[in-house]
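Engineer: Structure: data04.cif, mmCIF, C-alpha atoms.
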data_work
loop_
_atom_site.label_atom_id
_atom_site.label_comp_id
_atom_site.auth_asym_id
_atom_site.auth_seq_id
_atom_site.Cartn_x
_atom_site.Cartn_y
_atom_site.Cartn_z
CA MET Y 1 0.00 0.00 0.00
CA GLU Y 2 1.45 3.35 -0.91
CA ILE Y 3 0.56 6.55 0.88
CA THR Y 4 0.92 9.68 -1.21
CA GLY Y 5 0.79 13.29 -0.21
CA SER Y 6 2.99 15.93 1.27
CA LEU Y 7 5.31 14.87 4.06
CA ALA Y 8 6.26 18.49 4.60
CA ALA Y 9 2.71 19.25 5.67
CA ILE Y 10 2.76 16.49 8.30
CA GLY Y 11 6.22 17.68 9.40
CA TYR Y 12 4.99 21.21 9.91
CA GLY Y 13 1.96 20.00 11.83
CA LEU Y 14 4.20 18.10 14.24
CA ALA Y 15 6.61 21.01 14.44
CA ALA Y 16 3.87 23.36 15.57
CA ILE Y 17 3.09 21.38 18.73
CA GLY Y 18 6.16 22.52 20.67
CA PRO Y 19 5.91 26.26 20.04
CA GLY Y 20 2.17 26.11 20.65
CA ILE Y 21 2.72 24.76 24.14
CA GLY Y 22 5.66 27.12 24.64
CA VAL Y 23 3.78 30.30 23.80
CA GLY Y 24 0.93 29.12 26.00
CA LEU Y 25 3.34 28.72 28.89
CA VAL Y 26 4.82 32.18 28.38
CA PHE Y 27 1.47 33.91 28.37
CA ALA Y 28 0.24 31.82 31.29
CA ALA Y 29 3.30 32.86 33.31
CA TYR Y 30 2.72 36.51 32.48
CA ILE Y 31 -0.94 36.38 33.41
CA GLN Y 32 -0.18 34.62 36.69
CA ALA Y 33 2.62 37.03 37.56
CA THR Y 34 0.38 40.00 36.84
CA ALA Y 35 -2.42 38.45 38.86
CA ARG Y 36 -0.17 37.96 41.86
CA GLN Y 37 1.47 41.38 41.68
CA PRO Y 38 -0.19 43.85 39.31
CA GLU Y 39 2.50 46.49 39.72
CA THR Y 40 4.96 44.36 37.77
CA ALA Y 41 2.80 44.22 34.66
CA GLY Y 42 4.77 46.92 32.86
CA LEU Y 43 8.05 45.48 34.07
CA ASN Y 44 7.30 42.06 32.65
CA ARG Y 45 5.81 43.17 29.37
CA PRO Y 46 9.09 43.35 27.39
CA ASN Y 47 9.86 39.84 28.62
CA LEU Y 48 6.43 38.74 27.43
CA PHE Y 49 7.01 39.98 23.91
CA LEU Y 50 10.56 38.74 23.87
CA GLY Y 51 9.56 35.26 24.99
CA MET Y 52 6.71 35.06 22.53
CA ALA Y 53 8.82 36.17 19.59
CA VAL Y 54 11.71 33.85 20.37
CA ILE Y 55 9.44 30.81 20.71
CA GLU Y 56 7.33 31.71 17.71
CA ALA Y 57 10.53 31.84 15.68
CA LEU Y 58 10.68 28.06 15.96
CA ALA Y 59 7.15 27.68 14.66
CA LEU Y 60 7.96 29.92 11.74
CA LEU Y 61 11.18 28.02 11.07
CA GLY Y 62 8.78 25.10 10.61
CA ILE Y 63 6.85 26.93 7.91
CA ALA Y 64 9.96 28.15 6.13
CA PHE Y 65 11.77 24.81 6.19
CA GLY Y 66 8.59 23.08 5.09
CA PHE Y 67 8.91 24.87 1.80
CA ILE Y 68 12.63 24.27 1.57
CA TRP Y 69 12.39 20.54 2.23
CA GLN Y 70 9.25 19.68 0.35
CA GLY Y 71 11.23 18.64 -2.68
CA PRO Y 72 10.11 19.04 -6.28
CA ALA Y 73 6.48 19.94 -6.86
CA GLN Y 74 4.43 16.98 -8.07
CA MET X 1 -1.12 16.74 -9.05
CA SER X 2 -0.05 19.77 -10.99
CA ARG X 3 -1.06 23.17 -9.81
CA ALA X 4 -3.36 23.65 -12.77
CA ALA X 5 -5.20 20.47 -11.87
CA LEU X 6 -5.64 21.65 -8.28
CA VAL X 7 -7.26 24.87 -9.36
CA LEU X 8 -10.90 24.56 -10.24
CA SER X 9 -10.67 27.51 -12.55
CA ALA X 10 -7.65 28.04 -14.74
CA GLU X 11 -7.18 31.75 -13.86
CA VAL X 12 -6.72 31.73 -10.09
CA PRO X 13 -3.15 30.74 -9.09
CA PHE X 14 -4.24 28.72 -6.09
CA PRO X 15 -2.62 27.37 -3.91
CA PRO X 16 0.07 30.05 -3.65
CA SER X 17 3.65 28.92 -3.67
CA VAL X 18 7.10 30.34 -3.18
CA ASP X 19 7.09 31.46 -6.82
CA ASP X 20 4.51 34.11 -5.96
CA PHE X 21 7.17 35.92 -3.99
CA PHE X 22 9.39 36.52 -7.00
CA LEU X 23 8.19 39.59 -8.79
CA PRO X 24 9.08 40.54 -12.35
CA ASP X 25 11.73 43.02 -13.31
CA LEU X 26 10.11 46.41 -13.75
CA LEU X 27 12.35 47.42 -16.60
CA GLY X 28 11.18 44.46 -18.62
CA GLY X 29 14.62 42.93 -18.83
CA HIS X 30 16.00 39.73 -17.38
CA ASN X 31 18.03 41.13 -14.51
CA PRO X 32 15.96 40.66 -11.38
CA TRP X 33 17.49 43.46 -9.38
CA TYR X 34 15.05 46.26 -10.21
CA THR X 35 11.73 44.89 -9.02
CA LYS X 36 8.93 46.26 -6.91
CA PHE X 37 11.05 45.38 -3.88
CA THR X 38 13.78 47.81 -4.89
CA LEU X 39 11.22 50.59 -5.25
CA MET X 40 9.69 49.69 -1.90
CA VAL X 41 12.97 49.86 -0.02
CA TRP X 42 13.77 53.22 -1.63
CA LEU X 43 10.27 54.40 -0.75
CA ALA X 44 10.71 53.31 2.88
CA VAL X 45 14.01 55.16 3.18
CA ALA X 46 12.53 58.28 1.56
CA VAL X 47 9.45 58.22 3.80
CA ILE X 48 11.50 57.88 6.97
CA ILE X 49 14.01 60.60 6.06
CA ILE X 50 11.35 63.04 4.94
CA PHE X 51 9.14 62.34 7.95
CA PHE X 52 11.82 62.94 10.53
CA LEU X 53 13.20 65.98 8.71
CA VAL X 54 9.82 67.65 8.32
CA ALA X 55 8.72 66.78 11.86
CA TYR X 56 11.77 68.49 13.30
CA ARG X 57 11.94 71.47 11.01
CA ASN X 58 10.71 73.98 13.63
CA PRO X 59 10.76 72.22 16.98
CA LYS X 60 8.62 73.92 19.57
CA VAL X 61 8.53 73.44 23.32
CA VAL X 62 4.87 72.48 23.05
CA PRO X 63 5.15 69.93 20.25
CA THR X 64 2.97 69.85 17.17
CA LYS X 65 1.36 66.55 16.26
CA MET X 66 4.04 65.39 13.84
CA GLN X 67 6.78 66.50 16.18
CA TRP X 68 5.08 64.60 19.00
CA LEU X 69 4.90 61.49 16.85
CA ALA X 70 8.55 61.67 15.87
CA GLU X 71 9.56 62.32 19.48
CA SER X 72 7.42 59.42 20.68
CA ILE X 73 9.05 57.00 18.28
CA TYR X 74 12.54 58.14 19.21
CA GLY X 75 11.72 58.34 22.91
CA PHE X 76 10.25 54.85 22.91
CA ASN X 77 13.47 53.44 21.51
CA ARG X 78 15.70 55.57 23.68
CA GLU X 79 13.91 55.04 27.01
CA GLY X 80 12.31 51.66 26.57
CA ILE X 81 15.08 49.84 24.76
CA ALA X 82 18.38 51.68 24.83
CA LYS X 83 18.32 52.84 28.42
CA GLU X 84 16.36 50.01 29.97
CA VAL X 85 17.92 47.04 28.20
CA ILE X 86 21.49 48.19 27.55
CA GLY X 87 21.90 50.44 30.54
CA HIS X 88 22.92 54.01 31.08
CA ASP X 89 25.63 53.96 28.42
CA GLY X 90 23.18 52.56 25.91
CA VAL X 91 22.04 56.02 24.91
CA ARG X 92 24.75 56.14 22.24
CA PHE X 93 22.91 53.33 20.44
CA ALA X 94 19.53 55.06 20.58
CA PRO X 95 19.78 56.67 17.09
CA TYR X 96 20.71 53.35 15.47
CA LEU X 97 17.98 51.46 17.33
CA ALA X 98 15.36 54.08 16.48
CA THR X 99 16.36 53.99 12.81
CA LEU X 100 16.33 50.20 12.77
CA PHE X 101 12.91 50.12 14.43
CA THR X 102 11.41 52.63 12.03
CA PHE X 103 12.89 50.99 8.95
CA ILE X 104 11.73 47.51 9.89
CA ALA X 105 8.29 48.78 10.92
CA VAL X 106 7.79 50.68 7.65
CA THR X 107 9.03 47.87 5.40
CA ASN X 108 6.91 45.37 7.35
CA LEU X 109 3.80 47.52 7.07
CA PHE X 110 4.15 47.49 3.30
CA ALA X 111 2.76 43.97 3.58
CA ILE X 112 -0.73 45.32 4.24
CA ILE X 113 -0.70 48.60 2.30
CA PRO X 114 -2.72 48.44 -0.92
CA PHE X 115 -0.82 48.30 -4.21
CA LEU X 116 2.32 47.26 -2.35
CA GLN X 117 0.98 44.34 -0.35
CA ILE X 118 4.27 42.52 0.14
CA SER X 119 7.06 43.23 2.54
CA PRO X 120 10.65 43.41 1.26
CA ASN X 121 11.51 41.48 4.42
CA SER X 122 9.84 38.43 2.92
CA HIS X 123 12.97 38.06 0.81
CA ILE X 124 15.64 36.70 3.10
CA ALA X 125 18.28 39.14 1.81
CA PHE X 126 16.96 42.17 3.67
CA PRO X 127 16.67 40.62 7.15
CA VAL X 128 20.07 38.96 6.62
CA MET X 129 21.63 42.36 5.97
CA LEU X 130 20.02 43.89 9.04
CA ALA X 131 21.03 40.96 11.23
CA ALA X 132 24.58 41.12 9.84
CA ILE X 133 24.86 44.77 10.85
CA THR X 134 23.65 43.92 14.36
CA TYR X 135 26.04 40.95 14.51
CA LEU X 136 29.06 43.05 13.54
CA LEU X 137 27.94 45.76 15.93
CA TYR X 138 27.77 43.62 19.03
CA LEU X 139 30.97 41.75 18.17
CA TYR X 140 32.80 45.03 17.56
CA TRP X 141 31.60 46.55 20.81
CA GLY X 142 32.37 43.37 22.74
CA VAL X 143 35.94 43.29 21.44
CA ARG X 144 36.36 47.02 21.84
CA GLN X 145 35.12 47.00 25.42
CA HIS X 146 36.97 43.94 26.67
CA GLY X 147 39.67 42.98 24.19
CA LEU X 148 39.43 39.92 21.96
CA PHE X 149 40.49 37.13 24.33
CA SER X 150 38.75 38.64 27.30
CA TYR X 151 35.54 38.95 25.31
CA LEU X 152 35.73 35.34 24.12
CA LYS X 153 36.38 34.17 27.64
CA MET X 154 33.49 36.21 28.98
CA SER X 155 30.98 34.97 26.44
CA LEU X 156 32.09 31.35 26.13
CA PHE X 157 32.94 30.62 29.78
CA PRO X 158 30.11 31.72 32.05
CA PRO X 159 31.28 32.19 35.63
CA ASN X 160 30.31 30.04 38.62
CA VAL X 161 30.11 26.81 36.67
CA PRO X 162 31.84 23.57 37.79
CA TRP X 163 34.68 22.94 35.35
CA PRO X 164 33.53 19.59 33.87
CA MET X 165 30.41 21.35 32.63
CA TYR X 166 32.55 23.56 30.41
CA PHE X 167 33.06 20.69 27.96
CA LEU X 168 29.34 20.74 27.29
CA LEU X 169 28.73 24.41 27.78
CA VAL X 170 31.42 26.01 25.64
CA PRO X 171 30.32 24.53 22.27
CA ILE X 172 26.73 25.43 23.06
CA GLU X 173 27.66 28.97 24.03
CA PHE X 174 29.83 29.32 20.94
CA ALA X 175 26.99 28.20 18.70
CA MET X 176 24.59 30.50 20.52
CA VAL X 177 26.64 33.68 20.44
CA PHE X 178 28.42 33.42 17.13
CA ILE X 179 26.11 31.40 14.92
CA LEU X 180 22.56 31.16 16.19
CA ARG X 181 22.00 34.75 17.28
CA PRO X 182 22.35 36.42 13.87
CA PHE X 183 20.77 33.45 12.12
CA THR X 184 17.63 33.39 14.23
CA LEU X 185 17.43 37.19 14.21
CA ALA X 186 17.25 37.23 10.42
CA LEU X 187 15.11 34.12 10.14
CA ARG X 188 12.53 35.31 12.66
CA LEU X 189 11.84 38.51 10.75
CA PHE X 190 11.91 36.76 7.38
CA ALA X 191 9.67 33.88 8.44
CA ASN X 192 7.10 36.15 10.04
CA MET X 193 6.77 38.25 6.92
CA PHE X 194 6.87 35.23 4.59
CA ALA X 195 4.24 33.35 6.55
CA GLY X 196 2.04 36.42 6.93
CA HIS X 197 2.03 37.13 3.22
CA MET X 198 1.44 33.46 2.45
CA MET X 199 -1.57 33.36 4.78
CA LEU X 200 -3.07 36.45 3.17
CA LEU X 201 -2.49 34.92 -0.26
CA VAL X 202 -4.15 31.66 0.78
CA PHE X 203 -7.32 33.31 2.00
CA THR X 204 -7.57 35.89 -0.78
CA LEU X 205 -6.88 33.51 -3.65
CA GLY X 206 -8.89 30.82 -1.90
CA GLY X 207 -11.87 33.14 -1.91
CA PHE X 208 -11.56 33.53 -5.65
CA ALA X 209 -11.08 29.80 -6.14
CA LEU X 210 -14.21 29.13 -4.07
CA LEU X 211 -16.13 31.73 -6.04
CA ASN X 212 -15.13 30.16 -9.30
CA ALA X 213 -16.00 26.70 -8.01
CA GLY X 214 -19.65 27.62 -8.34
CA GLY X 215 -22.67 26.02 -6.76
CA LEU X 216 -22.81 25.80 -2.99
CA LEU X 217 -19.17 26.77 -2.52
CA SER X 218 -19.49 30.30 -3.91
CA PRO X 219 -20.97 31.95 -0.75
CA VAL X 220 -18.17 30.42 1.34
CA SER X 221 -15.79 32.75 -0.46
CA LEU X 222 -17.20 35.57 1.68
CA LEU X 223 -16.01 33.76 4.79
CA SER X 224 -12.61 33.41 3.19
CA TRP X 225 -12.42 37.13 2.53
CA ALA X 226 -13.62 37.96 6.05
CA MET X 227 -10.74 35.82 7.28
CA THR X 228 -8.42 37.86 5.05
CA ILE X 229 -9.59 41.06 6.74
CA ALA X 230 -9.07 39.58 10.20
CA LEU X 231 -5.62 38.36 9.22
CA THR X 232 -4.72 41.80 7.83
CA LEU X 233 -5.41 43.33 11.23
CA PHE X 234 -3.42 40.55 12.87
CA GLU X 235 -0.63 41.15 10.38
CA ALA X 236 -0.49 44.83 11.35
CA LEU X 237 0.13 43.77 14.94
CA ILE X 238 2.76 41.26 13.89
CA CYS X 239 4.58 43.84 11.73
CA LEU X 240 5.04 46.24 14.62
CA LEU X 241 5.77 43.46 17.10
CA GLN X 242 8.51 41.99 14.91
CA ALA X 243 10.14 45.39 14.54
CA TYR X 244 10.04 45.82 18.32
CA VAL X 245 11.42 42.33 18.96
CA PHE X 246 14.25 42.76 16.46
CA VAL X 247 15.37 45.98 18.13
CA LEU X 248 14.85 44.56 21.63
CA LEU X 249 17.04 41.57 20.84
CA THR X 250 19.67 43.83 19.26
CA GLY X 251 19.71 45.80 22.50
CA SER X 252 19.89 42.62 24.54
CA TYR X 253 22.86 41.29 22.57
CA LEU X 254 24.61 44.64 22.88
CA GLN X 255 23.99 44.55 26.60
CA SER X 256 25.54 41.12 26.93
CA SER X 257 28.55 42.32 24.93
CA LEU X 258 29.03 45.43 26.95
CA ALA X 259 28.33 43.90 30.35
CA SER X 260 31.17 44.54 32.71
CA GLU X 261 31.85 42.06 35.50
CA HIS X 262 31.56 43.44 38.97
#
Written as structure tokens, that's how I'd like the structure from this file.

Structural biologist:
Amino acid sequence: MEITGSLAAIGYGLAAIGPGIGVGLVFAAYIQATARQPETAGLNRPNLFLGMAVIEALALLGIAFGFIWQGPAQ
Amino acid sequence: MSRAALVLSAEVPFPPSVDDFFLPDLLGGHNPWYTKFTLMVWLAVAVIIIFFLVAYRNPKVVPTKMQWLAESIYGFNREGIAKEVIGHDGVRFAPYLATLFTFIAVTNLFAIIPFLQISPNSHIAFPVMLAAITYLLYLYWGVRQHGLFSYLKMSLFPPNVPWPMYFLLVPIEFAMVFILRPFTLALRLFANMFAGHMMLLVFTLGGFALLNAGGLLSPVSLLSWAMTIALTLFEALICLLQAYVFVLLTGSYLQSSLASEH
């Protein structure tokens, strides 16, 4: 039995699991920290954006490499 | 299946592919250097220069609206990034960081402006150039502040670590500081703009493909276009956020180069 289709699509789907959980953790940490001590909201906000962007970079690497590694178009 | 077979109507180039990012030469020749991207980068530079020059032509103590806007942009970079992230001697980097922020923000926002609708940063060359400048900048300042061997020792050998760990830690730190930082800096900006444009293409062209499919699928094209509008607003947020993150990380790397040990 032969399965056809795009392996790059499956690869990207798997690659998006990790950053999805990661970004969720970052935002959860920020919300909890702000809930415990609201004065630090402004102090933590650069860290929030920094964390989100760094983790989302991995998800976007998944998209970009999906195109690079998908091989010749069928 | 070939692309033509995937498209229900022969005119709509759906699904979009990497080829949609390569635009034709505007002069009609075969050299690909003078495309819409060239014009867009020149336009971005012209807009930024003219804006800041005109906003500061007659500075008043009570600022006019354009002067306030220009001061806000510069002040945001100077206070929020240069002073806070790099420290008190980071003010010398404030002009470069403000310029970098404005340039990346303007070229990113071209992705959602009509008639332009693609960001030059979705070609890897432009983010690579910007990341290379940042890379050379923090290496230069690290070496200038500490001397070459002292800087290598400071960045590759973190203090207060038991010595057997160094065998594991030094290659990782080397890869981090000298290879991964510029690479991920460029790739983050590129991938965000590439993926954003690709998503907008998918929903816009998908709407047309659904419309051409006829029958019960045609009204679904409205949903597809509503999704395009939502994604355009999301893309505006991402454009500004990516500019901010690029400059924040530049400041952070400069701070770790300039950090003096107490």

Engineer: Quick check: residues of chain Y within 8 Å of chain X, only C-alpha atoms, returned as a PyMOL selection string.

Structural biologist: chain Y and resi 49-50+53-54+57+60-61+63-64+67+73-74

Engineer: Restrict the selected residues to C-alpha atoms and save them as a PDB file, in the frame of the given file.

Structural biologist:
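So the final result, stored in part06.pdb, reads:
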ATOM      1  CA  PHE Y  49       7.010  39.980  23.910  1.00  0.00           C
ATOM      2  CA  LEU Y  50      10.560  38.740  23.870  1.00  0.00           C
ATOM      3  CA  ALA Y  53       8.820  36.170  19.590  1.00  0.00           C
ATOM      4  CA  VAL Y  54      11.710  33.850  20.370  1.00  0.00           C
ATOM      5  CA  ALA Y  57      10.530  31.840  15.680  1.00  0.00           C
ATOM      6  CA  LEU Y  60       7.960  29.920  11.740  1.00  0.00           C
ATOM      7  CA  LEU Y  61      11.180  28.020  11.070  1.00  0.00           C
ATOM      8  CA  ILE Y  63       6.850  26.930   7.910  1.00  0.00           C
ATOM      9  CA  ALA Y  64       9.960  28.150   6.130  1.00  0.00           C
ATOM     10  CA  PHE Y  67       8.910  24.870   1.800  1.00  0.00           C
ATOM     11  CA  ALA Y  73       6.480  19.940  -6.860  1.00  0.00           C
ATOM     12  CA  GLN Y  74       4.430  16.980  -8.070  1.00  0.00           C
TER      13      GLN Y  74
END

Engineer: Can you tell me, as a list in words, what residues are no more than 12 Å from Ala8 (chain Y) when counting all atoms listed in the file, ignoring any on the same chain fewer than 2 positions away?

Structural biologist: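 Non-adjacent residues within range: Thr4, Gly5, Ser6, Ile10, Gly11, Tyr12, Gly13, Leu14, Ala15, Gly62, Ile63, Ala64, Phe65, Gly66, Phe67, Ile68, Trp69, Gln70, Gly71, Pro72 and Ala73 of chain Y.
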
Engineer: Near Thr34 (chain Y), within 10 Å and counting only C-alpha atoms, which residues show up once chain neighbours fewer than 5 positions away are dropped, as number ranges by chain?

Structural biologist: Y: 28-29, 39-45

Engineer: What's the separation between CA of Leu130 (chain X) and CA of Gly142 (chain X), in Å to one decimal place?

Structural biologist: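 For CA of Leu130 (chain X) relative to CA of Gly142 (chain X), the distance reads 18.5 Å.
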
Engineer: I'd like the interatomic distance between CA of Thr228 (chain X) and CA of Leu116 (chain X), to a tenth of an Å.

Structural biologist: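 That distance, rounded to one decimal, is 16.1 Å.
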
Engineer: For CA of Glu79 (chain X) and CA of Tyr96 (chain X), quote the distance in Å rounded to one decimal.

Structural biologist: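 Taking CA of Glu79 (chain X) as the start and CA of Tyr96 (chain X) as the end point, the length is 13.5 Å.
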
Engineer: Just checking: using all atoms listed in the file, which residue out of X:Leu200, X:Leu223, X:Ile48, X:Met40 ends up closest to Glu235 (chain X)?

Structural biologist: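 Selected residue with least distance to Glu235 (chain X): X:Leu200.
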
Engineer: Any idea what's packed within 9 Å of region 69-73 of chain X, counting all atoms listed in the file, ignoring anything in its chain fewer than 4 positions away? Could you give it as a list of chain:residue names?

Structural biologist: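 Near region 69-73 of chain X, the qualifying residues are X:Phe51, X:Phe52, X:Ala55, X:Tyr56, X:Pro63, X:Thr64, X:Lys65, X:Asn77, X:Arg78, X:Ala98, X:Phe101, X:Thr102.
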
Engineer: Give me the residues near region 104-111 of chain X as JSON, numbers by chain, where near means some atom within 6 Å (using only C-alpha atoms) and where sequence neighbours in that chain fewer than 3 positions away do not count.

Structural biologist: {"X": [101, 116, 117, 118, 119, 239, 240, 243]}

Engineer: Do a neighbour search on Phe22 (chain X) at 9 Å with all atoms listed in the file, toss out local chain neighbours closer than 3 positions, and write the hits as a list in words.

Structural biologist: Val18, Asp19, Pro32, Thr35 and His123 of chain X

Engineer: Since the input has fewer atoms than a full residue there, write region 24-51 of chain Y out with N, CA and C atoms, as a compact mmCIF listing (two decimals), in the coordinates of the input.

Structural biologist:
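The new file rebuild25.txt reads:
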# COMPACT_ATOMS: atom_id res chain seq x y z
N GLY Y 24 1.94 29.18 24.96
CA GLY Y 24 0.93 29.12 26.00
C GLY Y 24 1.53 29.26 27.38
N LEU Y 25 2.68 28.62 27.59
CA LEU Y 25 3.34 28.72 28.89
C LEU Y 25 3.78 30.15 29.19
N VAL Y 26 4.33 30.82 28.15
CA VAL Y 26 4.82 32.18 28.38
C VAL Y 26 3.68 33.10 28.79
N PHE Y 27 2.58 33.02 28.04
CA PHE Y 27 1.47 33.91 28.37
C PHE Y 27 0.85 33.55 29.70
N ALA Y 28 0.79 32.23 30.00
CA ALA Y 28 0.24 31.82 31.29
C ALA Y 28 1.09 32.38 32.43
N ALA Y 29 2.42 32.34 32.26
CA ALA Y 29 3.30 32.86 33.31
C ALA Y 29 3.09 34.36 33.49
N TYR Y 30 2.91 35.07 32.36
CA TYR Y 30 2.72 36.51 32.48
C TYR Y 30 1.41 36.84 33.16
N ILE Y 31 0.37 36.10 32.81
CA ILE Y 31 -0.94 36.38 33.41
C ILE Y 31 -0.90 36.08 34.90
N GLN Y 32 -0.26 34.96 35.26
CA GLN Y 32 -0.18 34.62 36.69
C GLN Y 32 0.65 35.64 37.45
N ALA Y 33 1.78 36.05 36.86
CA ALA Y 33 2.62 37.03 37.56
C ALA Y 33 1.88 38.34 37.74
N THR Y 34 1.14 38.76 36.71
CA THR Y 34 0.38 40.00 36.84
C THR Y 34 -0.75 39.85 37.83
N ALA Y 35 -1.33 38.65 37.91
CA ALA Y 35 -2.42 38.45 38.86
C ALA Y 35 -1.90 38.48 40.30
N ARG Y 36 -0.70 37.95 40.50
CA ARG Y 36 -0.17 37.96 41.86
C ARG Y 36 0.30 39.35 42.27
N GLN Y 37 0.88 40.09 41.32
CA GLN Y 37 1.47 41.38 41.68
C GLN Y 37 1.26 42.34 40.52
N PRO Y 38 0.14 43.05 40.50
CA PRO Y 38 -0.19 43.85 39.31
C PRO Y 38 0.80 44.96 39.00
N GLU Y 39 1.59 45.39 40.00
CA GLU Y 39 2.50 46.49 39.72
C GLU Y 39 3.59 46.10 38.75
N THR Y 40 3.87 44.80 38.64
CA THR Y 40 4.96 44.36 37.77
C THR Y 40 4.52 44.12 36.33
N ALA Y 41 3.28 44.49 36.02
CA ALA Y 41 2.80 44.22 34.66
C ALA Y 41 3.66 44.90 33.61
N GLY Y 42 3.96 46.20 33.83
CA GLY Y 42 4.77 46.92 32.86
C GLY Y 42 6.19 46.42 32.83
N LEU Y 43 6.68 45.96 34.00
CA LEU Y 43 8.05 45.48 34.07
C LEU Y 43 8.23 44.20 33.29
N ASN Y 44 7.19 43.36 33.31
CA ASN Y 44 7.30 42.06 32.65
C ASN Y 44 6.94 42.09 31.19
N ARG Y 45 6.33 43.21 30.73
CA ARG Y 45 5.81 43.17 29.37
C ARG Y 45 6.88 43.00 28.30
N PRO Y 46 8.05 43.65 28.40
CA PRO Y 46 9.09 43.35 27.39
C PRO Y 46 9.47 41.87 27.38
N ASN Y 47 9.53 41.27 28.58
CA ASN Y 47 9.86 39.84 28.62
C ASN Y 47 8.78 39.01 27.96
N LEU Y 48 7.53 39.47 28.08
CA LEU Y 48 6.43 38.74 27.43
C LEU Y 48 6.62 38.72 25.92
N PHE Y 49 6.87 39.92 25.36
CA PHE Y 49 7.01 39.98 23.91
C PHE Y 49 8.24 39.26 23.44
N LEU Y 50 9.32 39.39 24.24
CA LEU Y 50 10.56 38.74 23.87
C LEU Y 50 10.39 37.24 23.85
N GLY Y 51 9.76 36.70 24.92
CA GLY Y 51 9.56 35.26 24.99
C GLY Y 51 8.69 34.76 23.85
